[in-house]
file my_file36.csv (CSV, C-alpha atoms)
chain,number,residue,atom,x,y,z
A,1,MET,CA,82.5,107.9,82.9
A,2,SER,CA,84.9,109.4,80.4
A,3,VAL,CA,83.3,112.0,78.2
A,4,LYS,CA,85.1,113.8,75.4
A,5,ASP,CA,85.2,117.4,76.3
A,6,LYS,CA,83.6,119.7,73.9
A,7,PRO,CA,85.7,122.7,72.7
A,8,GLU,CA,83.3,125.1,74.4
A,9,GLU,CA,83.5,123.3,77.7
A,10,LEU,CA,87.2,123.3,77.6
A,11,ALA,CA,87.2,126.9,76.8
A,12,ASN,CA,84.9,127.6,79.7
A,13,LEU,CA,87.2,125.6,82.0
A,14,ARG,CA,90.2,127.6,80.8
A,15,PHE,CA,88.3,130.8,81.4
A,16,ILE,CA,87.5,129.8,85.0
A,17,LEU,CA,91.1,128.7,85.4
A,18,GLU,CA,92.3,132.1,84.3
A,19,GLY,CA,90.1,133.7,87.0
A,20,ILE,CA,91.4,131.3,89.6
A,21,ARG,CA,95.0,131.9,88.5
A,22,SER,CA,94.7,135.6,89.1
A,23,LYS,CA,93.7,135.1,92.8
A,24,GLU,CA,96.2,135.8,95.5
A,25,GLY,CA,98.2,132.8,96.7
A,26,ILE,CA,97.6,130.7,93.5
A,27,ILE,CA,101.0,129.4,92.4
A,28,GLY,CA,99.7,127.9,89.1
A,29,TYR,CA,98.0,124.9,87.5
A,30,ILE,CA,98.6,121.9,85.3
A,31,LEU,CA,95.7,120.8,83.1
A,32,ARG,CA,96.3,117.7,81.0
A,33,ASN,CA,94.6,115.0,79.0
A,34,SER,CA,96.0,112.0,77.2
A,35,LYS,CA,97.3,114.1,74.3
A,36,SER,CA,98.3,117.5,75.7
A,37,ALA,CA,98.9,119.6,78.7
A,38,SER,CA,98.6,123.3,79.7
A,39,VAL,CA,101.0,124.4,82.4
A,40,ASP,CA,101.0,127.8,84.0
A,41,LEU,CA,103.2,128.0,87.0
A,42,ASN,CA,105.0,130.9,88.8
A,43,ASP,CA,108.3,129.1,88.8
A,44,PRO,CA,108.9,127.3,85.5
A,45,ALA,CA,111.9,125.6,87.1
A,46,LYS,CA,109.5,123.5,89.1
A,47,ILE,CA,107.4,122.3,86.1
A,48,ILE,CA,108.7,118.8,86.1
A,49,ASP,CA,108.5,118.3,89.8
A,50,TYR,CA,105.0,119.6,89.9
A,51,ALA,CA,103.9,117.6,86.9
A,52,MET,CA,105.2,114.4,88.6
A,53,LEU,CA,103.4,115.3,91.8
A,54,SER,CA,100.3,116.1,89.9
A,55,ALA,CA,100.3,112.7,88.1
A,56,GLU,CA,101.0,110.9,91.4
A,57,LEU,CA,98.2,112.7,93.2
A,58,LEU,CA,95.4,111.2,91.2
A,59,GLU,CA,97.1,107.8,90.9
A,60,THR,CA,97.5,107.5,94.6
A,61,GLY,CA,94.0,108.9,95.0
A,62,GLU,CA,92.7,106.1,92.8
A,63,VAL,CA,94.6,103.4,94.8
A,64,ALA,CA,93.3,104.9,98.0
A,65,THR,CA,89.7,104.9,96.9
A,66,GLU,CA,90.0,101.3,95.9
A,67,ILE,CA,91.8,100.2,99.1
A,68,PHE,CA,89.6,102.2,101.5
A,69,ASP,CA,86.5,101.7,99.4
A,70,VAL,CA,85.5,105.4,99.4
A,71,GLY,CA,83.9,105.4,96.0
A,72,LEU,CA,84.7,107.6,93.0
A,73,ILE,CA,87.2,110.4,93.4
A,74,ASN,CA,85.6,113.9,93.8
A,75,CYS,CA,88.9,115.5,94.5
A,76,VAL,CA,92.3,115.0,96.1
A,77,VAL,CA,94.1,117.6,98.3
A,78,ILE,CA,97.7,117.4,99.4
A,79,GLU,CA,99.2,119.8,101.9
A,80,GLY,CA,102.9,120.2,102.4
A,81,ASN,CA,104.9,122.6,104.6
A,82,ASP,CA,105.0,125.2,101.9
A,83,VAL,CA,102.3,124.6,99.4
A,84,LYS,CA,99.1,122.7,98.9
A,85,ALA,CA,97.6,121.3,95.7
A,86,LEU,CA,94.0,120.4,94.7
A,87,SER,CA,93.6,117.7,92.0
A,88,LEU,CA,90.5,116.6,90.2
A,89,VAL,CA,89.3,114.9,87.1
A,90,MET,CA,86.9,116.9,84.8
A,91,GLY,CA,85.8,114.8,81.9
A,92,ASP,CA,89.0,113.9,80.0
A,93,GLN,CA,91.0,116.6,81.8
A,94,ARG,CA,93.1,116.1,84.9
A,95,LEU,CA,93.6,119.3,86.7
A,96,SER,CA,96.0,120.2,89.6
A,97,ILE,CA,96.0,123.6,91.1
A,98,PHE,CA,98.9,124.6,93.3
A,99,MET,CA,98.5,127.3,95.9
A,100,SER,CA,99.9,128.6,99.2
A,101,LYS,CA,98.6,127.0,102.3
A,102,GLU,CA,96.5,130.0,103.3
A,103,VAL,CA,94.2,129.7,100.2
A,104,ASP,CA,90.9,128.1,100.9
A,105,HIS,CA,90.8,125.2,98.4
A,106,ASN,CA,87.1,124.6,99.1
A,107,LYS,CA,86.3,128.0,97.4
A,108,ILE,CA,88.4,127.0,94.4
A,109,LEU,CA,86.6,123.6,94.4
A,110,LYS,CA,83.2,125.3,94.4
A,111,GLU,CA,84.2,127.4,91.3
A,112,LEU,CA,85.4,124.3,89.5
A,113,ASP,CA,82.4,122.2,90.6
A,114,LEU,CA,80.2,124.7,88.9
A,115,THR,CA,82.1,123.9,85.7
A,116,ARG,CA,81.7,120.2,86.3
A,117,HIS,CA,78.0,120.7,87.0
A,118,THR,CA,77.7,122.5,83.6
A,119,GLN,CA,79.6,119.6,81.9
A,120,ARG,CA,77.3,117.0,83.4
A,121,ARG,CA,74.2,119.0,82.5
A,122,ASN,CA,75.4,119.3,78.9
A,123,GLU,CA,76.1,115.6,78.8
A,124,ARG,CA,72.6,114.8,80.1
A,125,PHE,CA,71.1,117.2,77.6
A,126,LYS,CA,73.0,115.6,74.8
A,127,GLN,CA,72.0,112.1,75.8
A,128,ASN,CA,68.3,113.2,76.1
A,129,ASN,CA,68.5,114.7,72.6
A,130,GLU,CA,70.0,111.5,71.2
A,131,LYS,CA,67.3,109.4,72.8
A,132,SER,CA,64.5,111.6,71.5
A,133,GLU,CA,66.0,111.5,68.0
A,134,THR,CA,66.0,107.7,68.0
B,1,MET,CA,108.1,98.6,127.6
B,2,SER,CA,108.9,96.4,124.6
B,3,GLU,CA,108.3,97.3,121.0
B,4,ASP,CA,105.3,94.9,120.9
B,5,ILE,CA,103.7,96.7,123.8
B,6,TYR,CA,104.3,100.0,122.0
B,7,ALA,CA,102.6,98.7,118.8
B,8,ASN,CA,99.8,97.2,120.9
B,9,ALA,CA,99.2,100.5,122.7
B,10,LEU,CA,98.9,102.2,119.3
B,11,LYS,CA,96.7,99.5,117.9
B,12,THR,CA,94.5,99.9,121.0
B,13,ALA,CA,94.4,103.7,120.6
B,14,LEU,CA,93.3,103.3,116.9
B,15,THR,CA,90.7,100.6,117.8
B,16,GLU,CA,89.3,102.8,120.6
B,17,VAL,CA,89.1,105.8,118.3
B,18,ARG,CA,87.2,103.6,115.9
B,19,ASN,CA,84.8,102.5,118.6
B,20,ILE,CA,84.1,106.1,119.5
B,21,CYS,CA,83.6,107.0,115.9
B,22,PRO,CA,82.2,103.9,114.0
B,23,ASP,CA,82.2,106.0,110.8
B,24,ILE,CA,86.0,105.5,110.7
B,25,THR,CA,86.3,102.4,108.5
B,26,ARG,CA,90.0,101.8,108.6
B,27,SER,CA,93.1,103.2,110.2
B,28,PHE,CA,96.7,102.3,110.4
B,29,ILE,CA,100.1,103.9,111.2
B,30,PHE,CA,103.1,103.4,109.0
B,31,THR,CA,106.7,104.7,108.6
B,32,LYS,CA,108.3,106.4,105.7
B,33,ASP,CA,110.0,103.1,105.0
B,34,GLY,CA,106.6,101.5,104.5
B,35,ILE,CA,106.5,99.4,107.7
B,36,ILE,CA,103.1,99.3,109.4
B,37,ILE,CA,103.5,100.0,113.1
B,38,ALA,CA,99.9,99.5,114.1
B,39,GLU,CA,96.6,98.9,112.5
B,40,ALA,CA,93.1,99.1,114.1
B,41,ALA,CA,91.1,95.9,114.3
B,42,GLN,CA,88.9,95.8,111.3
B,43,ASP,CA,86.0,93.9,109.9
B,44,ALA,CA,87.3,93.0,106.5
B,45,GLU,CA,90.7,92.0,105.4
B,46,ALA,CA,92.1,94.3,102.8
B,47,SER,CA,95.5,94.7,101.3
B,48,THR,CA,97.4,97.5,102.9
B,49,GLU,CA,100.7,96.8,101.1
B,50,ARG,CA,99.7,98.2,97.8
B,51,ALA,CA,98.3,101.4,99.4
B,52,ILE,CA,101.5,101.8,101.4
B,53,TYR,CA,103.7,101.4,98.3
B,54,SER,CA,101.6,104.1,96.6
B,55,PHE,CA,101.7,106.4,99.6
B,56,GLN,CA,105.5,106.0,99.8
B,57,SER,CA,105.8,107.1,96.2
B,58,LEU,CA,103.6,110.2,96.9
B,59,ILE,CA,105.6,111.0,100.0
B,60,GLU,CA,108.8,111.1,97.9
B,61,LYS,CA,107.3,113.4,95.3
B,62,ALA,CA,105.8,115.6,98.0
B,63,ASP,CA,109.3,116.9,98.8
B,64,THR,CA,108.5,119.4,96.0
B,65,ILE,CA,105.9,121.1,98.3
B,66,GLY,CA,107.9,120.8,101.5
B,67,GLY,CA,106.9,117.2,102.4
B,68,LEU,CA,103.6,115.6,102.9
B,69,ASN,CA,101.6,116.9,105.9
B,70,THR,CA,98.2,115.8,104.8
B,71,PHE,CA,96.8,114.0,101.8
B,72,LEU,CA,93.0,113.8,101.5
B,73,VAL,CA,91.0,111.9,99.0
B,74,ASN,CA,87.4,113.0,98.9
B,75,GLY,CA,85.4,110.1,97.4
B,76,SER,CA,81.7,109.7,96.5
B,77,LYS,CA,81.2,107.3,99.5
B,78,GLY,CA,83.7,108.7,102.0
B,79,VAL,CA,87.1,110.1,102.6
B,80,ALA,CA,90.6,108.7,103.0
B,81,GLN,CA,93.3,110.7,104.7
B,82,ILE,CA,97.0,110.4,105.4
B,83,SER,CA,98.5,112.7,108.0
B,84,ARG,CA,102.1,113.0,109.1
B,85,VAL,CA,102.4,112.3,112.8
B,86,ASN,CA,105.9,113.0,114.0
B,87,ASN,CA,108.0,110.7,111.8
B,88,MET,CA,105.2,108.4,110.9
B,89,TYR,CA,102.0,108.6,108.9
B,90,LEU,CA,98.5,107.9,110.0
B,91,ALA,CA,96.2,106.6,107.3
B,92,LEU,CA,92.5,106.5,108.0
B,93,SER,CA,89.3,106.3,106.0
B,94,ALA,CA,85.7,107.3,107.0
B,95,SER,CA,82.3,107.2,105.6
B,96,LYS,CA,80.7,110.2,104.1
B,97,LYS,CA,78.6,111.0,107.2
B,98,ALA,CA,81.7,111.1,109.5
B,99,ASP,CA,82.3,114.2,111.4
B,100,MET,CA,85.4,115.7,109.7
B,101,ALA,CA,86.2,117.9,112.7
B,102,PHE,CA,86.6,114.7,114.7
B,103,ILE,CA,88.7,113.0,112.0
B,104,GLN,CA,91.0,116.1,112.1
B,105,SER,CA,91.2,115.9,115.9
B,106,VAL,CA,92.2,112.2,115.7
B,107,ALA,CA,94.9,113.0,113.1
B,108,ARG,CA,96.2,116.2,114.6
B,109,ILE,CA,95.7,115.8,118.4
B,110,ILE,CA,94.7,112.3,119.7
B,111,ILE,CA,97.2,110.0,117.9
B,112,PRO,CA,100.1,112.5,118.1
B,113,THR,CA,99.4,112.8,121.9
B,114,VAL,CA,99.3,109.0,122.3
B,115,ILE,CA,102.6,108.7,120.4
B,116,LYS,CA,104.2,111.4,122.4
B,117,LEU,CA,103.0,109.8,125.7
B,118,LEU,CA,104.3,106.4,124.7
B,119,GLU,CA,107.7,107.9,123.7
B,120,ASN,CA,107.9,109.7,127.0
B,121,ILE,CA,106.8,106.8,129.1
B,122,ALA,CA,109.5,104.6,127.8
B,123,SER,CA,112.2,105.4,125.2
B,124,THR,CA,111.2,102.6,123.1
B,125,PRO,CA,112.2,101.7,119.6
B,126,LEU,CA,109.5,101.4,117.0
B,127,LYS,CA,108.6,98.1,115.5
B,128,SER,CA,110.3,99.1,112.4
B,129,THR,CA,113.7,98.9,114.0
B,130,PHE,CA,114.1,95.2,114.0
B,131,SER,CA,112.3,92.4,112.4
B,132,PRO,CA,113.5,89.2,114.1
B,133,GLN,CA,116.5,87.5,112.5
B,134,ASN,CA,115.9,83.9,111.6
B,135,LEU,CA,118.8,81.8,112.8
B,136,ILE,CA,119.6,78.0,112.9
B,137,VAL,CA,120.4,76.3,116.1
B,138,GLU,CA,123.9,75.0,116.6
B,139,ASN,CA,125.0,73.5,119.9
B,140,LEU,CA,127.5,75.3,122.0
B,141,THR,CA,129.4,73.1,124.4
B,142,GLY,CA,132.5,73.6,126.6
B,143,LEU,CA,133.4,74.4,130.1
B,144,LEU,CA,133.2,78.2,130.0
B,145,VAL,CA,130.1,78.6,127.8
B,146,GLY,CA,127.8,79.6,130.7
B,147,GLU,CA,124.5,80.9,129.5
B,148,THR,CA,125.7,83.1,126.7
B,149,ALA,CA,124.6,82.5,123.1
B,150,GLN,CA,126.7,83.3,120.1
B,151,ILE,CA,125.7,84.8,116.8
B,152,ASP,CA,127.5,86.3,113.9
B,153,ASN,CA,129.4,89.5,114.7
B,154,GLU,CA,127.9,91.1,111.5
B,155,ILE,CA,124.4,90.8,112.9
B,156,LEU,CA,125.5,92.3,116.2
B,157,LYS,CA,127.2,95.1,114.4
B,158,GLN,CA,124.1,95.8,112.3
B,159,TRP,CA,121.8,95.9,115.3
B,160,SER,CA,124.3,98.1,117.1
B,161,LYS,CA,124.4,100.5,114.1
B,162,ASN,CA,120.6,100.7,114.0
B,163,LEU,CA,120.7,101.6,117.7
B,164,ASN,CA,123.2,104.5,117.5
B,165,ASN,CA,126.0,102.2,118.3
B,166,ALA,CA,124.5,100.8,121.4
B,167,ARG,CA,126.1,97.7,122.8
B,168,ILE,CA,124.1,94.6,122.3
B,169,ASP,CA,124.6,92.3,125.3
B,170,GLU,CA,121.3,90.5,125.4
B,171,ILE,CA,118.9,88.9,123.0
B,172,GLU,CA,115.5,87.4,122.9
B,173,ILE,CA,115.0,84.1,121.3
B,174,GLU,CA,111.7,82.8,120.2
B,175,THR,CA,110.9,79.3,118.9
B,176,SER,CA,108.4,78.4,116.2
B,177,ASP,CA,105.9,77.4,118.8
B,178,GLY,CA,106.2,80.6,120.7
B,179,LYS,CA,108.5,79.8,123.6
B,180,ILE,CA,110.7,82.8,124.5
B,181,ALA,CA,113.9,83.1,126.4
B,182,ARG,CA,116.4,85.9,127.0
B,183,CYS,CA,120.1,85.4,127.3
B,184,LYS,CA,123.4,87.1,127.0
B,185,VAL,CA,125.0,87.2,123.6
B,186,LYS,CA,128.4,87.5,122.1
B,187,ALA,CA,130.0,87.1,118.6
B,188,ILE,CA,130.8,83.6,117.3
B,189,SER,CA,134.5,83.2,117.6
B,190,GLU,CA,135.1,79.9,115.9
B,191,ARG,CA,135.7,80.5,112.2
B,192,GLU,CA,133.9,77.3,111.0
B,193,PHE,CA,130.5,78.7,112.4
B,194,ILE,CA,130.8,82.3,111.1
B,195,GLY,CA,128.6,83.6,108.3
B,196,LYS,CA,126.3,80.6,108.2
B,197,GLY,CA,123.2,82.2,109.8
B,198,LEU,CA,123.7,80.2,113.0
B,199,ILE,CA,122.9,80.8,116.7
B,200,ARG,CA,125.0,78.8,119.0
B,201,ILE,CA,123.2,78.1,122.2
B,202,PRO,CA,124.3,76.4,125.4
B,203,GLU,CA,122.6,73.2,126.4
B,204,LYS,CA,120.7,74.8,129.3
B,205,ILE,CA,119.0,77.3,126.9
B,206,SER,CA,118.3,74.5,124.4
B,207,ARG,CA,116.6,72.5,127.1
B,208,THR,CA,114.5,75.6,128.3
B,209,LEU,CA,113.3,76.2,124.8
B,210,GLU,CA,113.1,72.5,123.9
B,211,VAL,CA,115.0,73.0,120.6
B,212,GLU,CA,117.6,71.0,118.9
B,213,LYS,CA,120.3,71.5,116.4
B,214,GLY,CA,119.1,72.5,113.0
B,215,GLU,CA,115.8,74.1,114.2
B,216,GLN,CA,115.1,77.7,113.2
B,217,LEU,CA,114.7,80.4,115.8
B,218,LYS,CA,113.7,84.1,115.7
B,219,VAL,CA,116.3,86.2,117.4
B,220,LYS,CA,116.2,89.9,118.2
B,221,PRO,CA,118.3,92.2,120.4
B,222,ILE,CA,117.1,93.6,123.7
B,223,ILE,CA,117.6,97.3,123.8
B,224,PRO,CA,119.6,98.5,126.7
B,225,GLU,CA,117.5,100.2,129.4
B,226,GLY,CA,117.3,104.0,129.0
B,227,LYS,CA,118.7,103.9,125.5
B,228,LYS,CA,116.8,106.4,123.4
B,229,TYR,CA,116.4,105.2,119.8
B,230,GLU,CA,116.5,108.2,117.5
B,231,ARG,CA,114.5,107.7,114.3
call {"tool": "encode", "arguments": {"input": "my_file36.csv", "output": "structure tokens"}}
result
Amino acid sequence: MSVKDKPEELANLRFILEGIRSKEGIIGYILRNSKSASVDLNDPAKIIDYAMLSAELLETGEVATEIFDVGLINCVVIEGNDVKALSLVMGDQRLSIFMSKEVDHNKILKELDLTRHTQRRNERFKQNNEKSET
Amino acid sequence: MSEDIYANALKTALTEVRNICPDITRSFIFTKDGIIIAEAAQDAEASTERAIYSFQSLIEKADTIGGLNTFLVNGSKGVAQISRVNNMYLALSASKKADMAFIQSVARIIIPTVIKLLENIASTPLKSTFSPQNLIVENLTGLLVGETAQIDNEILKQWSKNLNNARIDEIEIETSDGKIARCKVKAISEREFIGKGLIRIPEKISRTLEVEKGEQLKVKPIIPEGKKYER
């Protein structure tokens, strides 16, 4: 389900991302939708490489869910020798967070899941309101 | 131990792992080149090629983060994971209720151990090394032909190159109905037969395999004993 993100939800997500960004071991993040992208990485020279990897992560994740029949993607994690990345879809936004291997990505995921939960709750609230109005 | 036995051993390992943990829905091992080495027996046929192509692309891009060690997709119904095992990749999927600790043990301990054991037991090339060459039968007659087949020198050179310049003296020939024979091999010397995708075989071998001129055969090299193939 694709839902247009409300400005306040996006602002909330950015606020949470700022919090995550300040944690030790976080290398940066790429947040993008079909029209724009926000990039905040320690090493700007790697923006293109990380952006390509970020796009590939969710694409491969989608292929994998289809081939292996594991349902809808909750999140995707890739771990290399130096760095790992967590990718997920939040409404219209596609987010990848890059971090050192020592960082517990599950904790990051929990923080983000809270945002997703708020988004879903707001969507349901909006839908219920629309129903009651009709 | 032949490459088929190697692949079978891996397939058996994957299938046994699945028997122990039925929550594992699919598993296969592939190389960076996209060649599937072994796949566990599975209930449903599913296209692996598309997944492999996609994984290959990801593996390339993962150079940015120091290569791909693990790729995990957490889905609403289960998980899919790719893990690097030596120079290969193990892909497996499991249902939501699967014990993730066991999945990690499979990826990090069990399969790497099986691969290491197989490589230690016999220095065996992987299935990816050679897919059989399809060649057309041409009769080889003469007084001194003995039991040696002849194929293009280019093919012998290529095989040799893939085997760290090992000398290829022997080949395995397989007919379309599964008959197999081994014989010595050397390069085709007569110019009129070179570069035509032929295998010239003496009458004795033709009779053993029950093949005639013009038929297609699968031909692959036999790796010299003790030759370690370095991937």
call {"tool": "interface_residues", "arguments": {"input": "my_file36.csv", "of": "chain B", "to": "chain A", "cutoff": "9 Å", "atoms": "only C-alpha atoms", "output": "NGL selection string"}}
result
:B and (25-26 or 46-48 or 50-51 or 54-55 or 57-58 or 61-81 or 92-96)
call {"tool": "closest_residue", "arguments": {"input": "my_file36.csv", "among": "B:Ile171, B:Ile201, B:Leu163, B:Val85", "to": "B:Lys116", "atoms": "all atoms listed in the file"}}
result
B:Val85
call {"tool": "closest_residue", "arguments": {"input": "my_file36.csv", "among": "B:Ile180, B:Val106, B:Ile59, B:Ile52", "to": "B:Glu210", "atoms": "only C-alpha atoms"}}
result
B:Ile180
call {"tool": "residues_near_point", "arguments": {"input": "my_file36.csv", "point": "(130.1, 87.4, 121.7)", "cutoff": "9 Å", "atoms": "all atoms listed in the file", "output": "JSON, numbers by chain"}}
result
{"B": [148, 149, 150, 151, 152, 153, 156, 169, 184, 185, 186, 187, 188, 189]}
call {"tool": "atom_distance", "arguments": {"input": "my_file36.csv", "atom1": "atom CA of B:Ala38", "atom2": "atom CA of B:Ile111"}}
result
11.5 Å
call {"tool": "residues_around", "arguments": {"input": "my_file36.csv", "residues": "stretch 26-30 of chain A", "least_positions_apart": "3", "cutoff": "6 Å", "atoms": "all atoms listed in the file", "output": "MDAnalysis selection string"}}
result
chainID A and resid 21 23 38:42 95:99
call {"tool": "atom_distance", "arguments": {"input": "my_file36.csv", "atom1": "atom CA of B:Asn164", "atom2": "atom CA of B:Lys220"}}
result
16.2 Å
call {"tool": "residues_around", "arguments": {"input": "my_file36.csv", "residues": "A:Gln93", "least_positions_apart": "3", "cutoff": "7 Å", "atoms": "all atoms listed in the file", "output": "NGL selection string"}}
result
:A and (31-33 or 89-90)
call {"tool": "atom_distance", "arguments": {"input": "my_file36.csv", "atom1": "atom CA of B:Gly34", "atom2": "atom CA of B:Ile223"}}
result
22.6 Å
call {"tool": "residues_near_point", "arguments": {"input": "my_file36.csv", "point": "(97.9, 100.3, 112.4)", "cutoff": "7 Å", "atoms": "only C-alpha atoms", "output": "ChimeraX atom specification"}}
result
/B:11,27-30,36-40
